[in-house]
Amino acid sequence: MYKRYEVLRFIGKKIRISLSDISIIIRTGFPMALQSMVGTVFNLFVQRLVNSFGEAMIASYTVVSRIEGYMQLPTQTLYQAIPTYTAQNLGAKKENRIRTGLRHTVIMAVLSTLVISIVVFFFADSLTGSFGISGLSAQYCAENIRWLSFPILLFALYFPCTGLYQGMGKGMVSTIMSTTFLSICLFLAYTLQYIPDVGFRAIFICKPITWVIVSTINYIYYFSGKWMRGKSTTAI
């Protein structure tokens with residue numbers, strides 16, 4: 001390949017620094033780096049809150065995180081394909097395919113997540129026991145994943161859109177969506193714990209409430225058409 005294709009050969013005299021390319025790389029990569037950093041800080045504060053409720057909650061939250069990861073897997077997998085798909089069709093000036101692709105992705109994400117949600121809701125106790133925890137930890141875990149089971153459909157509904165925004169070159173919009181989710185979720189978790197009837201369950205219900213809020217914000221932005229860089233569009 002090196003000998004056959006000249007474009008793959010590194011020749012010292014031909015190497016040039018392109019400021020425009022560097023600018024594009026920074027504009028594309030910085031939002032993703034910022035999103036990862038914010039996510040790390042969020043996990044730090046959530047873990048601190050979880051730790052304050054004792055060893056049983058710590059053990060249960062570890063298992064909940066694993067199960068939630070499995071529940072999000074279909075959406076996360078489909079999300080990874082959306083930026084490339086969007087960018088390719090944007091370059092080919094096939095804007096209708098972008099909207100169609102998002103529609104199909106959201107449908108697949110929601111349906112596959114629904115199947116998992118049903119299993120998780122009705123077999124929460126068995127799933128919890130398969131991780132080897134028992135007693136109060138198992139009770140916390142089963143209740144937590146039941147709280148997440150069906151509201152997580154809202155995550156499947158909006159999260160693919162963030163991949164679309166990345167493919168459209170609006171990575172900062174995706175980062176703002178994620179940062180908004182993490183900020184609201186953290187605020188609710190730390191605030192609701194002081195309500196007597198809620199207490200430790202603030203950890204269980206903060207995500208479902210936040211998914212409702214962020215999903216609404218996302219689709220208000222999507223239907224506004226601003227993600228199309230000012231081009232006329234017909235919403236899904």
# chains A, B, ... in the order shown; residues from 1 in each chain; ligands from 1
call {"tool": "residues_around", "arguments": {"residues": "Asn89 of chain A", "least_positions_apart": "5", "cutoff": "12 Å", "atoms": "only C-alpha atoms", "output": "PDB file with all heavy atoms, in the first residue's frame"}}
result
ATOM      1  N   ILE A  82     -24.727   6.925  13.858  1.00  0.00           N
ATOM      2  CA  ILE A  82     -25.433   8.099  13.350  1.00  0.00           C
ATOM      3  C   ILE A  82     -24.512   9.230  12.860  1.00  0.00           C
ATOM      4  O   ILE A  82     -24.760   9.815  11.807  1.00  0.00           O
ATOM      5  CB  ILE A  82     -26.420   8.623  14.412  1.00  0.00           C
ATOM      6  CG1 ILE A  82     -27.696   7.783  14.393  1.00  0.00           C
ATOM      7  CG2 ILE A  82     -26.797  10.073  14.172  1.00  0.00           C
ATOM      8  CD1 ILE A  82     -28.553   7.987  13.171  1.00  0.00           C
ATOM      9  N   PRO A  83     -23.445   9.608  13.586  1.00  0.00           N
ATOM     10  CA  PRO A  83     -22.617  10.717  13.104  1.00  0.00           C
ATOM     11  C   PRO A  83     -22.034  10.476  11.711  1.00  0.00           C
ATOM     12  O   PRO A  83     -22.072  11.369  10.851  1.00  0.00           O
ATOM     13  CB  PRO A  83     -21.505  10.806  14.162  1.00  0.00           C
ATOM     14  CG  PRO A  83     -22.122  10.247  15.395  1.00  0.00           C
ATOM     15  CD  PRO A  83     -23.006   9.143  14.919  1.00  0.00           C
ATOM     16  N   THR A  84     -21.507   9.271  11.478  1.00  0.00           N
ATOM     17  CA  THR A  84     -20.932   8.957  10.166  1.00  0.00           C
ATOM     18  C   THR A  84     -22.007   8.957   9.092  1.00  0.00           C
ATOM     19  O   THR A  84     -21.821   9.522   8.001  1.00  0.00           O
ATOM     20  CB  THR A  84     -20.238   7.587  10.201  1.00  0.00           C
ATOM     21  OG1 THR A  84     -19.214   7.609  11.203  1.00  0.00           O
ATOM     22  CG2 THR A  84     -19.607   7.262   8.857  1.00  0.00           C
ATOM     23  N   LYS A  94     -28.038  14.820   0.556  1.00  0.00           N
ATOM     24  CA  LYS A  94     -29.265  14.029   0.660  1.00  0.00           C
ATOM     25  C   LYS A  94     -29.867  14.240   2.050  1.00  0.00           C
ATOM     26  O   LYS A  94     -29.827  13.360   2.909  1.00  0.00           O
ATOM     27  CB  LYS A  94     -28.971  12.555   0.400  1.00  0.00           C
ATOM     28  CG  LYS A  94     -28.480  12.278  -1.008  1.00  0.00           C
ATOM     29  CD  LYS A  94     -28.240  10.792  -1.244  1.00  0.00           C
ATOM     30  CE  LYS A  94     -27.787  10.535  -2.678  1.00  0.00           C
ATOM     31  NZ  LYS A  94     -27.552   9.086  -2.927  1.00  0.00           N
ATOM     32  N   GLU A  95     -30.414  15.431   2.246  1.00  0.00           N
ATOM     33  CA  GLU A  95     -30.906  15.821   3.558  1.00  0.00           C
ATOM     34  C   GLU A  95     -32.100  14.979   4.019  1.00  0.00           C
ATOM     35  O   GLU A  95     -32.272  14.732   5.209  1.00  0.00           O
ATOM     36  CB  GLU A  95     -31.269  17.305   3.545  1.00  0.00           C
ATOM     37  CG  GLU A  95     -30.073  18.206   3.223  1.00  0.00           C
ATOM     38  CD  GLU A  95     -30.494  19.634   2.974  1.00  0.00           C
ATOM     39  OE1 GLU A  95     -31.683  19.939   3.179  1.00  0.00           O
ATOM     40  OE2 GLU A  95     -29.632  20.435   2.565  1.00  0.00           O
ATOM     41  N   ASN A  96     -32.927  14.558   3.063  1.00  0.00           N
ATOM     42  CA  ASN A  96     -34.085  13.746   3.436  1.00  0.00           C
ATOM     43  C   ASN A  96     -33.666  12.414   4.048  1.00  0.00           C
ATOM     44  O   ASN A  96     -34.329  11.890   4.945  1.00  0.00           O
ATOM     45  CB  ASN A  96     -34.978  13.501   2.217  1.00  0.00           C
ATOM     46  CG  ASN A  96     -35.725  14.762   1.792  1.00  0.00           C
ATOM     47  OD1 ASN A  96     -35.993  15.626   2.620  1.00  0.00           O
ATOM     48  ND2 ASN A  96     -36.045  14.861   0.516  1.00  0.00           N
ATOM     49  N   ARG A  97     -32.540  11.867   3.581  1.00  0.00           N
ATOM     50  CA  ARG A  97     -32.052  10.599   4.124  1.00  0.00           C
ATOM     51  C   ARG A  97     -31.582  10.766   5.565  1.00  0.00           C
ATOM     52  O   ARG A  97     -31.621   9.819   6.348  1.00  0.00           O
ATOM     53  CB  ARG A  97     -30.918  10.056   3.262  1.00  0.00           C
ATOM     54  CG  ARG A  97     -31.356   9.551   1.901  1.00  0.00           C
ATOM     55  CD  ARG A  97     -30.255   8.785   1.217  1.00  0.00           C
ATOM     56  NE  ARG A  97     -29.888   7.594   1.978  1.00  0.00           N
ATOM     57  CZ  ARG A  97     -28.868   6.812   1.659  1.00  0.00           C
ATOM     58  NH1 ARG A  97     -28.102   7.100   0.607  1.00  0.00           N
ATOM     59  NH2 ARG A  97     -28.594   5.753   2.387  1.00  0.00           N
ATOM     60  N   ILE A  98     -31.117  11.962   5.910  1.00  0.00           N
ATOM     61  CA  ILE A  98     -30.687  12.219   7.285  1.00  0.00           C
ATOM     62  C   ILE A  98     -31.871  12.082   8.228  1.00  0.00           C
ATOM     63  O   ILE A  98     -31.798  11.399   9.263  1.00  0.00           O
ATOM     64  CB  ILE A  98     -30.060  13.623   7.415  1.00  0.00           C
ATOM     65  CG1 ILE A  98     -28.775  13.707   6.577  1.00  0.00           C
ATOM     66  CG2 ILE A  98     -29.763  13.947   8.876  1.00  0.00           C
ATOM     67  CD1 ILE A  98     -28.150  15.089   6.552  1.00  0.00           C
ATOM     68  N   ARG A  99     -32.970  12.715   7.872  1.00  0.00           N
ATOM     69  CA  ARG A  99     -34.167  12.645   8.706  1.00  0.00           C
ATOM     70  C   ARG A  99     -34.739  11.226   8.745  1.00  0.00           C
ATOM     71  O   ARG A  99     -35.161  10.740   9.797  1.00  0.00           O
ATOM     72  CB  ARG A  99     -35.211  13.640   8.199  1.00  0.00           C
ATOM     73  CG  ARG A  99     -34.788  15.095   8.340  1.00  0.00           C
ATOM     74  CD  ARG A  99     -35.943  16.022   8.040  1.00  0.00           C
ATOM     75  NE  ARG A  99     -36.328  15.979   6.635  1.00  0.00           N
ATOM     76  CZ  ARG A  99     -35.789  16.740   5.689  1.00  0.00           C
ATOM     77  NH1 ARG A  99     -34.811  17.580   6.011  1.00  0.00           N
ATOM     78  NH2 ARG A  99     -36.192  16.662   4.446  1.00  0.00           N
ATOM     79  N   THR A 100     -34.727  10.566   7.590  1.00  0.00           N
ATOM     80  CA  THR A 100     -35.232   9.191   7.533  1.00  0.00           C
ATOM     81  C   THR A 100     -34.364   8.260   8.374  1.00  0.00           C
ATOM     82  O   THR A 100     -34.863   7.399   9.101  1.00  0.00           O
ATOM     83  CB  THR A 100     -35.266   8.692   6.083  1.00  0.00           C
ATOM     84  OG1 THR A 100     -36.097   9.558   5.296  1.00  0.00           O
ATOM     85  CG2 THR A 100     -35.813   7.269   6.010  1.00  0.00           C
ATOM     86  N   GLY A 101     -33.056   8.445   8.269  1.00  0.00           N
ATOM     87  CA  GLY A 101     -32.132   7.617   9.040  1.00  0.00           C
ATOM     88  C   GLY A 101     -32.308   7.790  10.529  1.00  0.00           C
ATOM     89  O   GLY A 101     -32.282   6.810  11.293  1.00  0.00           O
ATOM     90  N   LEU A 102     -32.523   9.028  10.966  1.00  0.00           N
ATOM     91  CA  LEU A 102     -32.751   9.279  12.392  1.00  0.00           C
ATOM     92  C   LEU A 102     -34.051   8.620  12.838  1.00  0.00           C
ATOM     93  O   LEU A 102     -34.103   7.995  13.909  1.00  0.00           O
ATOM     94  CB  LEU A 102     -32.796  10.776  12.676  1.00  0.00           C
ATOM     95  CG  LEU A 102     -33.113  11.131  14.128  1.00  0.00           C
ATOM     96  CD1 LEU A 102     -31.990  10.684  15.056  1.00  0.00           C
ATOM     97  CD2 LEU A 102     -33.356  12.629  14.291  1.00  0.00           C
ATOM     98  N   LEU A 164     -26.730  12.691  15.635  1.00  0.00           N
ATOM     99  CA  LEU A 164     -27.050  13.450  14.422  1.00  0.00           C
ATOM    100  C   LEU A 164     -26.428  14.838  14.461  1.00  0.00           C
ATOM    101  O   LEU A 164     -25.859  15.310  13.469  1.00  0.00           O
ATOM    102  CB  LEU A 164     -28.561  13.555  14.272  1.00  0.00           C
ATOM    103  CG  LEU A 164     -29.088  14.337  13.059  1.00  0.00           C
ATOM    104  CD1 LEU A 164     -30.337  13.685  12.495  1.00  0.00           C
ATOM    105  CD2 LEU A 164     -29.413  15.785  13.433  1.00  0.00           C
ATOM    106  N   GLY A 167     -22.805  14.670  13.616  1.00  0.00           N
ATOM    107  CA  GLY A 167     -22.600  14.481  12.182  1.00  0.00           C
ATOM    108  C   GLY A 167     -22.851  15.743  11.382  1.00  0.00           C
ATOM    109  O   GLY A 167     -22.279  15.924  10.299  1.00  0.00           O
ATOM    110  N   MET A 168     -23.692  16.630  11.901  1.00  0.00           N
ATOM    111  CA  MET A 168     -23.976  17.906  11.236  1.00  0.00           C
ATOM    112  C   MET A 168     -22.930  18.962  11.562  1.00  0.00           C
ATOM    113  O   MET A 168     -23.044  20.109  11.133  1.00  0.00           O
ATOM    114  CB  MET A 168     -25.354  18.413  11.659  1.00  0.00           C
ATOM    115  CG  MET A 168     -26.520  17.569  11.170  1.00  0.00           C
ATOM    116  SD  MET A 168     -26.691  17.500   9.388  1.00  0.00           S
ATOM    117  CE  MET A 168     -27.030  19.214   8.998  1.00  0.00           C
TER     118      MET A 168
END
call {"tool": "closest_atom_pairs", "arguments": {"of": "segment 111-166 of chain A", "to": "segment 22-36 of chain A", "cutoff": "12 Å", "atoms": "only C-alpha atoms", "output": "tab-separated table"}}
result
residue	atom	partner	partner_atom	distance
A:Thr162	CA	A:Met32	CA	11.3
A:Gly163	CA	A:Met32	CA	11.2
A:Tyr165	CA	A:Thr28	CA	11.3
A:Gln166	CA	A:Thr28	CA	8.2
call {"tool": "write_last_selection", "arguments": {"atoms": "all heavy atoms", "output": "PDB file, in the first residue's frame"}}
result
ATOM      1  N   THR A 162     -28.377  13.250  19.437  1.00  0.00           N
ATOM      2  CA  THR A 162     -27.087  13.880  19.735  1.00  0.00           C
ATOM      3  C   THR A 162     -26.026  13.412  18.751  1.00  0.00           C
ATOM      4  O   THR A 162     -25.098  14.157  18.418  1.00  0.00           O
ATOM      5  CB  THR A 162     -26.647  13.571  21.180  1.00  0.00           C
ATOM      6  OG1 THR A 162     -26.459  12.165  21.344  1.00  0.00           O
ATOM      7  CG2 THR A 162     -27.689  14.047  22.173  1.00  0.00           C
ATOM      8  N   GLY A 163     -26.146  12.177  18.279  1.00  0.00           N
ATOM      9  CA  GLY A 163     -25.234  11.695  17.246  1.00  0.00           C
ATOM     10  C   GLY A 163     -25.462  12.410  15.927  1.00  0.00           C
ATOM     11  O   GLY A 163     -24.517  12.713  15.195  1.00  0.00           O
ATOM     12  N   TYR A 165     -26.502  15.498  15.616  1.00  0.00           N
ATOM     13  CA  TYR A 165     -25.936  16.841  15.739  1.00  0.00           C
ATOM     14  C   TYR A 165     -24.418  16.810  15.519  1.00  0.00           C
ATOM     15  O   TYR A 165     -23.857  17.720  14.906  1.00  0.00           O
ATOM     16  CB  TYR A 165     -26.257  17.429  17.117  1.00  0.00           C
ATOM     17  CG  TYR A 165     -27.728  17.492  17.434  1.00  0.00           C
ATOM     18  CD1 TYR A 165     -28.200  17.311  18.732  1.00  0.00           C
ATOM     19  CD2 TYR A 165     -28.670  17.710  16.430  1.00  0.00           C
ATOM     20  CE1 TYR A 165     -29.549  17.349  19.029  1.00  0.00           C
ATOM     21  CE2 TYR A 165     -30.031  17.749  16.715  1.00  0.00           C
ATOM     22  CZ  TYR A 165     -30.462  17.564  18.016  1.00  0.00           C
ATOM     23  OH  TYR A 165     -31.804  17.591  18.301  1.00  0.00           O
ATOM     24  N   GLN A 166     -23.773  15.764  16.011  1.00  0.00           N
ATOM     25  CA  GLN A 166     -22.334  15.628  15.787  1.00  0.00           C
ATOM     26  C   GLN A 166     -22.025  15.490  14.303  1.00  0.00           C
ATOM     27  O   GLN A 166     -21.096  16.098  13.786  1.00  0.00           O
ATOM     28  CB  GLN A 166     -21.794  14.427  16.553  1.00  0.00           C
ATOM     29  CG  GLN A 166     -21.820  14.580  18.061  1.00  0.00           C
ATOM     30  CD  GLN A 166     -21.370  13.330  18.780  1.00  0.00           C
ATOM     31  OE1 GLN A 166     -20.714  12.472  18.199  1.00  0.00           O
ATOM     32  NE2 GLN A 166     -21.742  13.191  20.039  1.00  0.00           N
TER      33      GLN A 166
END
call {"tool": "residues_around", "arguments": {"residues": "Phe187 of chain A", "least_positions_apart": "3", "cutoff": "12 Å", "atoms": "only C-alpha atoms", "output": "number ranges by chain"}}
result
A: 42, 45-46, 49, 180-184, 190-194, 202-203, 205-207, 209-210
call {"tool": "atom_distance", "arguments": {"atom1": "atom CA of Cys185 of chain A", "atom2": "atom CA of Val119 of chain A"}}
result
25.3 Å
call {"tool": "select_by_dssp", "arguments": {"residues": "segment 122-230 of chain A", "states": "alpha helix (DSSP H)", "output": "CSV table (one decimal) with N, CA and C atoms, in the first residue's frame"}}
result
chain,number,residue,atom,x,y,z
A,122,PHE,N,-39.9,-7.1,35.1
A,122,PHE,CA,-40.6,-8.3,35.6
A,122,PHE,C,-39.6,-9.3,36.3
A,124,ALA,N,-36.6,-8.3,37.8
A,124,ALA,CA,-35.7,-7.4,38.6
A,124,ALA,C,-35.0,-8.2,39.7
A,125,ASP,N,-35.8,-9.0,40.4
A,125,ASP,CA,-35.2,-9.7,41.6
A,125,ASP,C,-34.3,-10.8,41.1
A,126,SER,N,-34.6,-11.5,40.1
A,126,SER,CA,-33.7,-12.5,39.6
A,126,SER,C,-32.4,-12.0,39.0
A,127,LEU,N,-32.5,-10.8,38.3
A,127,LEU,CA,-31.3,-10.2,37.8
A,127,LEU,C,-30.4,-9.7,38.9
A,128,THR,N,-31.0,-9.2,39.9
A,128,THR,CA,-30.3,-8.7,41.1
A,128,THR,C,-29.5,-9.8,41.7
A,129,GLY,N,-30.2,-10.9,41.9
A,129,GLY,CA,-29.6,-12.1,42.6
A,129,GLY,C,-28.5,-12.7,41.8
A,135,GLY,N,-30.2,-9.3,50.6
A,135,GLY,CA,-30.6,-8.5,51.7
A,135,GLY,C,-31.0,-7.1,51.2
A,136,LEU,N,-30.6,-6.1,52.0
A,136,LEU,CA,-31.0,-4.7,51.7
A,136,LEU,C,-30.4,-4.2,50.4
A,137,SER,N,-29.2,-4.6,50.1
A,137,SER,CA,-28.6,-4.3,48.8
A,137,SER,C,-29.4,-4.7,47.6
A,138,ALA,N,-29.9,-6.0,47.7
A,138,ALA,CA,-30.7,-6.5,46.6
A,138,ALA,C,-32.1,-5.8,46.5
A,139,GLN,N,-32.6,-5.4,47.7
A,139,GLN,CA,-33.9,-4.6,47.6
A,139,GLN,C,-33.7,-3.2,47.0
A,140,TYR,N,-32.6,-2.6,47.3
A,140,TYR,CA,-32.3,-1.3,46.7
A,140,TYR,C,-32.1,-1.4,45.2
A,141,CYS,N,-31.4,-2.5,44.8
A,141,CYS,CA,-31.1,-2.7,43.4
A,141,CYS,C,-32.3,-3.0,42.6
A,142,ALA,N,-33.2,-3.9,43.1
A,142,ALA,CA,-34.4,-4.2,42.4
A,142,ALA,C,-35.3,-3.0,42.2
A,143,GLU,N,-35.4,-2.2,43.3
A,143,GLU,CA,-36.3,-1.0,43.2
A,143,GLU,C,-35.7,0.0,42.2
A,144,ASN,N,-34.4,0.2,42.3
A,144,ASN,CA,-33.8,1.1,41.4
A,144,ASN,C,-33.9,0.8,39.9
A,145,ILE,N,-33.7,-0.5,39.6
A,145,ILE,CA,-33.8,-0.8,38.1
A,145,ILE,C,-35.2,-0.8,37.6
A,146,ARG,N,-36.2,-1.0,38.6
A,146,ARG,CA,-37.6,-0.9,38.1
A,146,ARG,C,-37.9,0.6,37.9
A,147,TRP,N,-37.3,1.5,38.7
A,147,TRP,CA,-37.5,2.9,38.4
A,147,TRP,C,-37.0,3.3,37.0
A,148,LEU,N,-35.9,2.6,36.6
A,148,LEU,CA,-35.2,3.0,35.4
A,148,LEU,C,-35.8,2.3,34.2
A,149,SER,N,-36.5,1.1,34.4
A,149,SER,CA,-36.8,0.2,33.3
A,149,SER,C,-37.6,0.9,32.1
A,152,ILE,N,-36.3,4.7,30.8
A,152,ILE,CA,-35.1,4.7,29.9
A,152,ILE,C,-35.5,4.7,28.4
A,153,LEU,N,-36.8,4.5,28.1
A,153,LEU,CA,-37.2,4.6,26.7
A,153,LEU,C,-37.1,6.0,26.3
A,154,LEU,N,-37.2,7.0,27.2
A,154,LEU,CA,-37.0,8.4,26.8
A,154,LEU,C,-35.5,8.6,26.4
A,155,PHE,N,-34.6,7.9,27.1
A,155,PHE,CA,-33.2,8.0,26.7
A,155,PHE,C,-33.0,7.5,25.2
A,156,ALA,N,-33.7,6.4,24.9
A,156,ALA,CA,-33.6,5.8,23.6
A,156,ALA,C,-34.2,6.7,22.6
A,157,LEU,N,-35.2,7.5,23.0
A,157,LEU,CA,-35.9,8.4,22.1
A,157,LEU,C,-35.1,9.6,21.7
A,158,TYR,N,-34.3,10.2,22.7
A,158,TYR,CA,-33.6,11.4,22.3
A,158,TYR,C,-32.1,11.2,22.1
A,159,PHE,N,-31.5,10.2,22.6
A,159,PHE,CA,-30.0,10.1,22.5
A,159,PHE,C,-29.5,10.0,21.1
A,160,PRO,N,-30.1,9.3,20.2
A,160,PRO,CA,-29.6,9.2,18.8
A,160,PRO,C,-29.5,10.6,18.2
A,161,CYS,N,-30.4,11.5,18.6
A,161,CYS,CA,-30.3,12.9,18.0
A,161,CYS,C,-29.0,13.5,18.3
A,162,THR,N,-28.4,13.3,19.4
A,162,THR,CA,-27.1,13.9,19.7
A,162,THR,C,-26.0,13.4,18.8
A,163,GLY,N,-26.1,12.2,18.3
A,163,GLY,CA,-25.2,11.7,17.2
A,163,GLY,C,-25.5,12.4,15.9
A,164,LEU,N,-26.7,12.7,15.6
A,164,LEU,CA,-27.1,13.4,14.4
A,164,LEU,C,-26.4,14.8,14.5
A,165,TYR,N,-26.5,15.5,15.6
A,165,TYR,CA,-25.9,16.8,15.7
A,165,TYR,C,-24.4,16.8,15.5
A,166,GLN,N,-23.8,15.8,16.0
A,166,GLN,CA,-22.3,15.6,15.8
A,166,GLN,C,-22.0,15.5,14.3
A,167,GLY,N,-22.8,14.7,13.6
A,167,GLY,CA,-22.6,14.5,12.2
A,167,GLY,C,-22.9,15.7,11.4
A,171,GLY,N,-21.2,19.6,17.2
A,171,GLY,CA,-20.8,18.8,18.4
A,171,GLY,C,-21.1,19.5,19.7
A,172,MET,N,-21.0,20.8,19.7
A,172,MET,CA,-21.3,21.6,20.9
A,172,MET,C,-22.7,21.5,21.4
A,173,VAL,N,-23.6,21.3,20.5
A,173,VAL,CA,-25.0,21.1,20.8
A,173,VAL,C,-25.2,19.8,21.6
A,174,SER,N,-24.5,18.8,21.0
A,174,SER,CA,-24.5,17.5,21.7
A,174,SER,C,-24.0,17.5,23.1
A,175,THR,N,-22.9,18.3,23.2
A,175,THR,CA,-22.2,18.4,24.5
A,175,THR,C,-23.1,19.2,25.5
A,176,ILE,N,-23.8,20.2,25.0
A,176,ILE,CA,-24.7,21.0,25.9
A,176,ILE,C,-25.9,20.1,26.3
A,177,MET,N,-26.4,19.3,25.4
A,177,MET,CA,-27.5,18.3,25.8
A,177,MET,C,-27.0,17.4,27.0
A,178,SER,N,-25.8,16.8,26.8
A,178,SER,CA,-25.3,15.9,27.8
A,178,SER,C,-25.0,16.6,29.1
A,179,THR,N,-24.4,17.8,29.0
A,179,THR,CA,-24.1,18.6,30.2
A,179,THR,C,-25.4,19.0,31.0
A,180,THR,N,-26.4,19.4,30.2
A,180,THR,CA,-27.7,19.7,30.8
A,180,THR,C,-28.3,18.5,31.5
A,181,PHE,N,-28.2,17.4,30.9
A,181,PHE,CA,-28.7,16.2,31.6
A,181,PHE,C,-28.0,15.9,32.9
A,182,LEU,N,-26.7,15.9,32.8
A,182,LEU,CA,-25.9,15.6,34.0
A,182,LEU,C,-26.1,16.7,35.1
A,183,SER,N,-26.2,17.9,34.7
A,183,SER,CA,-26.4,19.0,35.7
A,183,SER,C,-27.7,18.9,36.4
A,184,ILE,N,-28.8,18.7,35.6
A,184,ILE,CA,-30.1,18.6,36.2
A,184,ILE,C,-30.2,17.3,37.1
A,185,CYS,N,-29.7,16.2,36.6
A,185,CYS,CA,-29.7,15.0,37.3
A,185,CYS,C,-29.0,15.1,38.7
A,186,LEU,N,-27.9,15.7,38.7
A,186,LEU,CA,-27.1,15.9,39.9
A,186,LEU,C,-27.8,16.8,40.9
A,187,PHE,N,-28.4,17.9,40.3
A,187,PHE,CA,-29.2,18.8,41.2
A,187,PHE,C,-30.4,18.1,41.8
A,188,LEU,N,-31.1,17.3,41.1
A,188,LEU,CA,-32.3,16.6,41.6
A,188,LEU,C,-31.8,15.6,42.7
A,189,ALA,N,-30.8,14.9,42.4
A,189,ALA,CA,-30.3,13.9,43.3
A,189,ALA,C,-29.9,14.5,44.7
A,190,TYR,N,-29.2,15.6,44.7
A,190,TYR,CA,-28.8,16.2,45.9
A,190,TYR,C,-29.9,17.0,46.6
A,191,THR,N,-30.9,17.4,45.8
A,191,THR,CA,-32.0,18.2,46.4
A,191,THR,C,-33.1,17.3,47.0
A,192,LEU,N,-33.5,16.4,46.2
A,192,LEU,CA,-34.7,15.5,46.6
A,192,LEU,C,-34.4,14.7,47.8
A,202,ALA,N,-33.9,9.4,46.0
A,202,ALA,CA,-33.6,10.5,45.1
A,202,ALA,C,-32.6,10.0,44.0
A,203,ILE,N,-31.8,9.0,44.4
A,203,ILE,CA,-30.8,8.4,43.5
A,203,ILE,C,-31.6,7.6,42.4
A,204,PHE,N,-32.7,7.0,42.8
A,204,PHE,CA,-33.5,6.2,41.8
A,204,PHE,C,-34.3,7.1,40.8
A,205,ILE,N,-34.8,8.2,41.3
A,205,ILE,CA,-35.8,9.0,40.5
A,205,ILE,C,-35.2,10.2,39.7
A,206,CYS,N,-33.9,10.5,40.1
A,206,CYS,CA,-33.4,11.7,39.4
A,206,CYS,C,-33.2,11.5,37.9
A,207,LYS,N,-32.8,10.3,37.5
A,207,LYS,CA,-32.6,10.1,36.0
A,207,LYS,C,-33.9,10.1,35.3
A,208,PRO,N,-35.0,9.4,35.7
A,208,PRO,CA,-36.2,9.4,35.0
A,208,PRO,C,-36.8,10.8,34.8
A,209,ILE,N,-36.7,11.6,35.8
A,209,ILE,CA,-37.2,13.0,35.7
A,209,ILE,C,-36.4,13.8,34.7
A,210,THR,N,-35.1,13.6,34.8
A,210,THR,CA,-34.2,14.3,33.9
A,210,THR,C,-34.3,13.9,32.4
A,211,TRP,N,-34.6,12.6,32.2
A,211,TRP,CA,-34.8,12.2,30.8
A,211,TRP,C,-36.1,12.8,30.2
A,212,VAL,N,-37.1,13.1,31.1
A,212,VAL,CA,-38.3,13.8,30.6
A,212,VAL,C,-37.9,15.2,30.1
A,213,ILE,N,-37.2,15.9,31.0
A,213,ILE,CA,-36.8,17.3,30.7
A,213,ILE,C,-35.9,17.4,29.5
A,214,VAL,N,-34.9,16.6,29.4
A,214,VAL,CA,-33.9,16.7,28.3
A,214,VAL,C,-34.5,16.2,27.0
A,215,SER,N,-35.3,15.2,27.1
A,215,SER,CA,-36.0,14.7,25.8
A,215,SER,C,-36.8,15.8,25.3
A,216,THR,N,-37.5,16.5,26.1
A,216,THR,CA,-38.4,17.6,25.7
A,216,THR,C,-37.5,18.7,25.1
A,217,ILE,N,-36.5,19.1,25.7
A,217,ILE,CA,-35.6,20.2,25.2
A,217,ILE,C,-35.0,19.7,23.9
A,218,ASN,N,-34.6,18.5,23.8
A,218,ASN,CA,-34.0,18.0,22.5
A,218,ASN,C,-34.9,18.1,21.3
A,219,TYR,N,-36.2,17.7,21.5
A,219,TYR,CA,-37.1,17.7,20.4
A,219,TYR,C,-37.6,19.1,20.1
A,220,ILE,N,-37.6,20.0,21.1
A,220,ILE,CA,-37.9,21.4,20.8
A,220,ILE,C,-36.8,21.9,19.8
A,221,TYR,N,-35.6,21.6,20.1
A,221,TYR,CA,-34.5,22.1,19.3
A,221,TYR,C,-34.6,21.4,17.9
A,222,TYR,N,-34.8,20.1,17.9
A,222,TYR,CA,-34.9,19.3,16.6
A,222,TYR,C,-35.9,19.9,15.7
A,223,PHE,N,-37.2,20.0,16.2
A,223,PHE,CA,-38.3,20.5,15.4
A,223,PHE,C,-38.1,22.0,15.0
A,224,SER,N,-37.2,22.7,15.7
A,224,SER,CA,-37.0,24.1,15.3
A,224,SER,C,-36.2,24.1,13.9
call {"tool": "closest_residue", "arguments": {"among": "A:Ser20, A:Lys170, A:Val41, A:Val106", "to": "Gln76 of chain A", "atoms": "only C-alpha atoms"}}
result
A:Val106
call {"tool": "residues_around", "arguments": {"residues": "Phe131 of chain A", "least_positions_apart": "6", "cutoff": "10 Å", "atoms": "only C-alpha atoms", "output": "compact mmCIF listing (two decimals) with N, CA, C and O atoms, in the first residue's frame"}}
result
# COMPACT_ATOMS: atom_id res chain seq x y z
N SER A 60 -25.44 -1.96 45.85
CA SER A 60 -26.58 -2.00 44.92
C SER A 60 -26.33 -1.09 43.72
O SER A 60 -26.66 -1.45 42.58
N THR A 62 -23.55 -0.29 42.31
CA THR A 62 -22.59 -0.91 41.39
C THR A 62 -23.31 -1.85 40.43
O THR A 62 -23.05 -1.85 39.22
N VAL A 63 -24.23 -2.65 40.97
CA VAL A 63 -24.99 -3.59 40.13
C VAL A 63 -25.95 -2.84 39.21
O VAL A 63 -26.09 -3.18 38.03
N ARG A 66 -24.24 -1.58 36.16
CA ARG A 66 -24.01 -2.65 35.18
C ARG A 66 -25.28 -2.94 34.38
O ARG A 66 -25.25 -3.02 33.14
N ILE A 67 -26.40 -3.11 35.08
CA ILE A 67 -27.66 -3.43 34.41
C ILE A 67 -28.11 -2.28 33.52
O ILE A 67 -28.59 -2.49 32.40
N ALA A 138 -29.91 -5.97 47.69
CA ALA A 138 -30.74 -6.53 46.63
C ALA A 138 -32.06 -5.76 46.52
O ALA A 138 -32.56 -5.53 45.41
call {"tool": "atom_distance", "arguments": {"atom1": "atom CA of Met71 of chain A", "atom2": "atom CA of Gly54 of chain A"}}
result
25.6 Å
